[in-house]
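target.cif, holding mmCIF, C-alpha atoms:
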data_protein
#
loop_
_atom_site.label_atom_id
_atom_site.label_comp_id
_atom_site.auth_asym_id
_atom_site.auth_seq_id
_atom_site.Cartn_x
_atom_site.Cartn_y
_atom_site.Cartn_z
CA MET A 30 -1.89 -112.47 67.44
CA GLY A 31 1.01 -110.41 68.80
CA ARG A 32 3.54 -112.09 66.52
CA PHE A 33 1.21 -111.50 63.54
CA ILE A 34 1.04 -107.77 64.28
CA ILE A 35 4.80 -107.55 64.80
CA LEU A 36 5.37 -109.37 61.49
CA VAL A 37 2.97 -107.02 59.67
CA LEU A 38 4.71 -103.95 61.11
CA ALA A 39 8.17 -105.31 60.26
CA LEU A 40 7.17 -106.23 56.71
CA ALA A 41 5.47 -102.87 56.18
CA GLY A 42 8.53 -101.01 57.45
CA LEU A 43 10.83 -103.07 55.24
CA TRP A 44 8.59 -102.56 52.21
CA LEU A 45 8.51 -98.79 52.74
CA LEU A 46 12.26 -98.65 53.32
CA LEU A 47 13.11 -100.66 50.21
CA SER A 48 10.45 -99.29 47.84
CA GLY A 49 10.75 -95.59 48.62
CA TYR A 50 7.18 -94.96 47.47
CA PHE A 51 5.39 -92.78 50.01
CA ASP A 52 3.19 -90.70 47.72
CA VAL A 53 1.79 -93.03 45.03
CA PRO A 54 -1.55 -94.31 46.36
CA LEU A 55 -1.82 -97.31 44.02
CA LEU A 56 1.65 -98.58 44.94
CA LEU A 57 0.96 -98.03 48.64
CA PHE A 58 -2.26 -100.04 48.26
CA PHE A 59 -0.40 -102.91 46.58
CA GLY A 60 2.26 -102.73 49.30
CA VAL A 61 -0.40 -103.05 52.02
CA VAL A 62 -2.02 -105.97 50.17
CA SER A 63 1.31 -107.76 49.70
CA VAL A 64 2.29 -107.28 53.37
CA LEU A 65 -1.06 -108.54 54.66
CA PHE A 66 -1.06 -111.47 52.23
CA SER A 67 2.48 -112.48 53.21
CA ALA A 68 1.69 -112.27 56.92
CA TRP A 69 -1.53 -114.25 56.40
CA LEU A 70 0.41 -116.96 54.52
CA ALA A 71 2.94 -117.13 57.36
CA LYS A 72 0.15 -117.47 59.92
CA ARG A 73 -1.68 -120.09 57.86
CA ALA A 74 1.54 -122.09 57.37
CA GLY A 75 2.10 -122.05 61.13
CA VAL A 76 5.57 -120.52 60.98
CA LEU A 77 4.98 -117.61 63.36
CA ASP A 78 7.19 -119.08 66.08
CA ASP A 79 10.13 -117.74 68.08
CA ASP A 80 12.58 -118.39 65.22
CA SER A 81 10.66 -116.53 62.51
CA VAL A 82 9.47 -113.64 64.73
CA PRO A 83 12.01 -113.45 67.58
CA THR A 84 10.10 -111.14 69.90
CA GLY A 85 12.39 -111.97 72.84
CA LEU A 86 15.47 -110.91 70.88
CA MET A 87 14.13 -107.76 69.23
CA PRO A 88 14.20 -105.11 71.98
CA ARG A 89 17.79 -105.79 73.02
CA ILE A 90 19.20 -106.55 69.57
CA LEU A 91 18.90 -102.93 68.40
CA GLY A 92 21.82 -101.87 70.60
CA TYR A 93 23.81 -104.82 69.30
CA TRP A 94 23.16 -103.75 65.69
CA ILE A 95 24.48 -100.26 66.43
CA TRP A 96 27.61 -101.75 68.02
CA LEU A 97 27.99 -104.17 65.06
CA GLY A 98 27.81 -101.24 62.62
CA GLY A 99 30.85 -99.71 64.33
CA GLU A 100 32.73 -103.02 64.19
CA ILE A 101 31.92 -103.39 60.49
CA GLY A 102 33.29 -99.88 59.92
CA LYS A 103 36.55 -100.67 61.72
CA ALA A 104 36.98 -103.93 59.81
CA ASN A 105 36.29 -102.08 56.53
CA LEU A 106 39.21 -99.78 57.29
CA THR A 107 41.50 -102.75 57.97
CA VAL A 108 40.51 -104.50 54.74
CA MET A 109 40.78 -101.24 52.78
CA ARG A 110 44.32 -100.66 54.06
CA GLN A 111 45.31 -104.13 52.87
CA ALA A 112 43.57 -103.71 49.50
CA LEU A 113 45.35 -100.41 48.83
CA ALA A 114 48.75 -101.47 50.19
CA ILE A 115 51.59 -101.90 47.74
CA GLU A 116 52.64 -105.08 49.54
CA PRO A 117 49.59 -106.37 51.44
CA LYS A 118 50.29 -108.42 54.56
CA LEU A 119 47.63 -111.05 54.07
CA SER A 120 47.79 -114.06 56.35
CA PRO A 121 44.58 -115.99 55.78
CA LYS A 122 43.79 -118.76 58.20
CA PHE A 123 41.02 -120.85 59.66
CA PHE A 124 40.22 -120.73 63.36
CA THR A 125 37.37 -121.62 65.68
CA VAL A 126 35.51 -119.42 68.12
CA PRO A 127 33.08 -120.48 70.84
CA ASN A 128 29.39 -120.22 69.99
CA PRO A 129 27.73 -118.95 73.20
CA PRO A 130 24.16 -118.19 71.98
CA LYS A 131 21.67 -120.92 72.88
CA SER A 132 18.80 -120.40 70.42
CA GLY A 133 18.89 -121.07 66.72
CA VAL A 134 18.20 -117.39 66.03
CA GLY A 135 21.08 -116.35 68.29
CA LYS A 136 23.50 -118.78 66.64
CA ALA A 137 22.46 -117.61 63.17
CA THR A 138 22.75 -113.95 64.22
CA PHE A 139 26.26 -114.55 65.53
CA ALA A 140 27.38 -116.46 62.41
CA ASN A 141 25.87 -113.80 60.13
CA SER A 142 27.54 -111.04 62.16
CA ILE A 143 30.92 -112.69 61.59
CA THR A 144 30.25 -112.92 57.86
CA LEU A 145 28.99 -109.31 57.67
CA THR A 146 32.25 -108.11 59.19
CA PRO A 147 34.67 -107.58 56.27
CA GLY A 148 37.63 -109.94 56.20
CA THR A 149 35.92 -112.77 58.10
CA VAL A 150 33.55 -115.48 56.94
CA SER A 151 31.69 -118.11 58.95
CA ILE A 152 32.48 -121.43 57.32
CA ASP A 153 30.82 -124.03 59.54
CA LEU A 154 28.27 -123.51 62.30
CA ARG A 155 28.55 -126.21 64.94
CA GLU A 156 26.71 -126.64 68.24
CA ASN A 157 29.42 -125.12 70.46
CA GLU A 158 31.78 -123.42 68.00
CA ILE A 159 32.02 -121.72 64.63
CA LEU A 160 34.77 -122.30 62.08
CA VAL A 161 35.84 -118.90 60.73
CA HIS A 162 38.15 -117.82 57.91
CA GLY A 163 40.07 -114.61 58.52
CA LEU A 164 41.96 -112.56 55.94
CA THR A 165 44.66 -110.98 58.13
CA GLU A 166 46.15 -111.54 61.56
CA ALA A 167 44.34 -108.45 62.89
CA LEU A 168 40.98 -109.82 61.71
CA CYS A 169 41.64 -113.25 63.27
CA ASP A 170 41.10 -111.77 66.72
CA VAL A 171 39.46 -114.63 68.64
CA PRO A 172 38.76 -112.59 71.82
CA ALA A 173 37.02 -109.84 69.82
CA ILE A 174 34.86 -112.33 67.92
CA THR A 175 34.10 -114.18 71.15
CA ASP A 176 32.97 -110.85 72.63
CA MET A 177 30.63 -110.50 69.65
CA GLY A 178 29.13 -113.90 70.47
CA GLU A 179 28.75 -112.95 74.13
CA ARG A 180 26.89 -109.79 73.12
CA VAL A 181 24.46 -111.85 71.01
CA ALA A 182 24.00 -114.30 73.89
CA LYS A 183 23.33 -111.40 76.28
CA ALA A 184 20.79 -109.92 73.86
CA GLU A 185 18.90 -113.20 73.57
CA ARG A 186 18.64 -113.80 77.32
CA ARG A 187 15.14 -113.18 78.60
CA LYS A 188 14.55 -111.42 81.87
CA THR A 189 12.80 -113.77 84.25
#
Go ahead and render the structure in this file as structure tokens.
Amino acid sequence: MGRFIILVLALAGLWLLLSGYFDVPLLLFFGVVSVLFSAWLAKRAGVLDDDSVPTGLMPRILGYWIWLGGEIGKANLTVMRQALAIEPKLSPKFFTVPNPPKSGVGKATFANSITLTPGTVSIDLRENEILVHGLTEALCDVPAITDMGERVAKAERRKT
């Protein structure tokens, strides 16, 4: 029941954030109906597990998202400098980084974080490593990306 409530709250928050309707009663009613119906379908389908509603990851991942926002900003500046340069110094290459998270959600979060960071794209997600494409030498920083993976792994660890 706890995962159902968390899913309803998350869906309601997302609906309000994306719709922007706070003062139209009919639209709010339809939003409530759609959120409850979607959560009921998820419960009925039996997909309210640790991968679809990662309750163990959620409290600690918020700090990670704030940190990731700063990293995305720094990478944006690097890519912008190259895009506006008269002679850009692009040196695209493929490289692998270790994949420290253990859960499927952690691995997906790490791979998506790499792809969200401008100038890098996760190409292949393997059990113990991720193949990444980087746009410049500065963006192909294996220790920095490995640190990102360690942060995701730390966020997914449960306190026992």
message: Would you pick out the contacts of region 121-136 of chain A at 7 Å or less, using only C-alpha atoms, so that residues sharing its chain but fewer than 5 positions from it are not included, and give the list as a PyMOL selection string?
response: chain A and resi 80+157-165+171+175+178-179+181-182+185
field: Neighbour list for Leu43 (chain A) as a PyMOL selection string, cut-off 12 Å, only C-alpha atoms, skip fewer than 6 positions in-chain
entry: chain A and resi 36-37+49-50+60-61+63-64
- prompt: What does the distance from CA of Asn105 (chain A) to CA of Pro147 (chain A) come to in Å, to one decimal?
  reply: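 Separation between CA of Asn105 (chain A) and CA of Pro147 (chain A): 5.7 Å.
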field: Given the PyMOL selection byres ((chain A and resi 91-102) around 8), the residues it picks as a PyMOL selection string
entry: chain A and resi 87-90+103-106+142+145-147+180-181+184
message: Ranking A:Lys72, A:Leu57, A:Val108, A:Glu116 by minimum distance to Ala41 (chain A) and counting all atoms listed in the file, which one comes first?
response: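 Ranked by minimum distance to Ala41 (chain A), first place goes to A:Leu57.
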- line: Using only C-alpha atoms, the shortest atom-to-atom distance to Val62 (chain A) among A:Leu40, A:Met109, A:Ala140, A:Met177 belongs to A:Leu40
message: Restricting the calculation to all atoms listed in the file: of A:Gly42, A:Pro54, A:Gly148, A:Pro172, which residue gets closest to Ala112 (chain A)?
response: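 Ranked by minimum distance to Ala112 (chain A), first place goes to A:Gly148.
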Closest of A:Cys169, A:Ile143, A:Lys183, A:Ala137 to Arg155 (chain A) - atom-to-atom distances counting only C-alpha atoms: A:Ala137
message: Please compute the CA of Phe33 (chain A)-CA of Val76 (chain A) distance, one decimal, in Å.
response: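 Taking CA of Phe33 (chain A) and CA of Val76 (chain A), their separation equals 10.3 Å.
Rounded to one decimal, CA of Ile115 (chain A) and CA of Ala173 (chain A) lie 27.6 Å from each other.
Among the candidate residues A:Ser120, A:Ala39, A:Leu46, A:Phe51, the one lying nearest to Leu65 (chain A) is A:Ala39, with distances computed using only C-alpha atoms.
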